[in-house]
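Notes to accompany the following structure.
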Amino acid sequence: QWQPGVEIELPNFEALFDRIQTASPLAKLVMEGDSLQQEGGFQAIDGSTDLKWRRIEANAHKTVHRIDKLDSFQNIKTPLLRFRSTIKGPCLGERFSNFIMDLEERKKWDDQVAHVEEMYPINDLVAVNDILGHKKFGTCTRIGVGYTQTKQGIISPREQLIMGGMQEYENGATILWGTEMEEYHNHLLPPGPRHTRAKSHLFAATLAPTGDNSFDVEYLLQMDVGGGIPNFMTTPALTDAVKKLFEHAKGYFEGGEGSDLDLYLKSKEEEIELAEVVFLKGRQQELLHDGLDHSDHYSNAMRERSILFTP
């Protein structure tokens with residue numbers, strides 16, 4: 001349910017997803033509904049673009065095998081970074097999202113995070129999907145406003161207030177997205193001392209299956225860390241943080257017997273089995289009830305018939 005007394009402004013989804021697919025060929029591939037099996041993923045991408053990307057790194061043997069950079073995007077003078085990775089394992093967008101939004105999970109790769117919280121989840125997904133109104137945007141399965149705060153480090157603590165969501169597609173692909181809330185939403189910030197505001201002008205992570213046990217990820221990040229620090233000083237730190245995220249993701253998805261992934265998948269199987277048992281029991285009760293109703297009706301009918309034919 002919507003939290004009482006809290007008004008949350010949804011983004012312009014048309015504009016948001018247009019920005020995402022403009023910068024992310026993999027997101028465009030997913031939105032256009034092209035096949036993502038076998039020859040899908042990065043292999044199916046048309047390399048043509050009007051954007052002047054500059055290649056920062058490229059090494060097929062690394063977890064993040066390519067990093068590109070735009071010095072500005074959408075008239076914002078903050079660099080847009082694009083990371084590409086190919087990961088072995090099941091394509092589970094919800095798990096990837098958990099690396100970012102769950103505090104304990106995030107601490108495993110982000111040593112600067114102090115607090116992460118989904119403060120205002122929007123649970124009326126039917127209404128949100130009605131607003132989305134276009135199948136190319138997939139089905140929104142999670143959306144809300146989250147808060148992030150970093151620790152004191154070389155720079156002072158930073159805080160963010162982000163509207164984010166998760167779009168799932170029938171072919172197994174997922175697009176995670178996020179955009180900074182405007183200043184007039186500052187009343188949604190948690191109580192306590194305020195910190196320098198960092199702003200993610202654009203965040204998106206597209207996960208596209210390339211087979212039964214592999215998927216490609218294209219990750220976009222356009223972040224201004226605030227405080228007037230030059231971009232040439234912050235870009236290496238942001239790049240290093242995202243690399244750590246992917247190293248963590250690689251280890252998680254490639255986990256074998258007894259790993260966190262294995263335990264998660266088994267718990268999901270148990271949930272499904274339990275739901276099936278509950279459904280079957282409920283159905284049996286319905287059939288039993290219907291049978292009793294029918295039996296009572298039959299008995300009453302026979303009794304009435306015996307009365308009619310009483311000699």
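To be explicit about the labels: the chains of the structure tokens are called A, B, and onward in the order shown, and within each one the residues are counted from 1, while ligands get numbers from 1 in the order they are shown.
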What are the DSSP helix (DSSP H, G or I) residues of region 88-210 of chain A, as an MDAnalysis selection string?
chainID A and resid 93:101 103:106 125:132 135:137 183:188
If you count only C-alpha atoms, which residues fall within 12 Å of Lys135 (chain A), apart from same-chain ones fewer than 5 positions away, as a count of residues only?
11
So that I can see what lies close to region 82-85 of chain A, please list as a ChimeraX atom specification the residues with an atom at most 10 Å from it, counting only C-alpha atoms and leaving out residues fewer than 5 positions away in the same chain.
/A:23-24,26,42,53,55-58,60,62-70,203-207,215-222,239,242-243,246-247,250
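Between CA of Asn75 (chain A) and CA of Arg54 (chain A) the interatomic distance comes to 17.2 Å.
The two atoms in question, CA of Ile131 (chain A) and CA of Gly41 (chain A), are spaced 28.4 Å apart.
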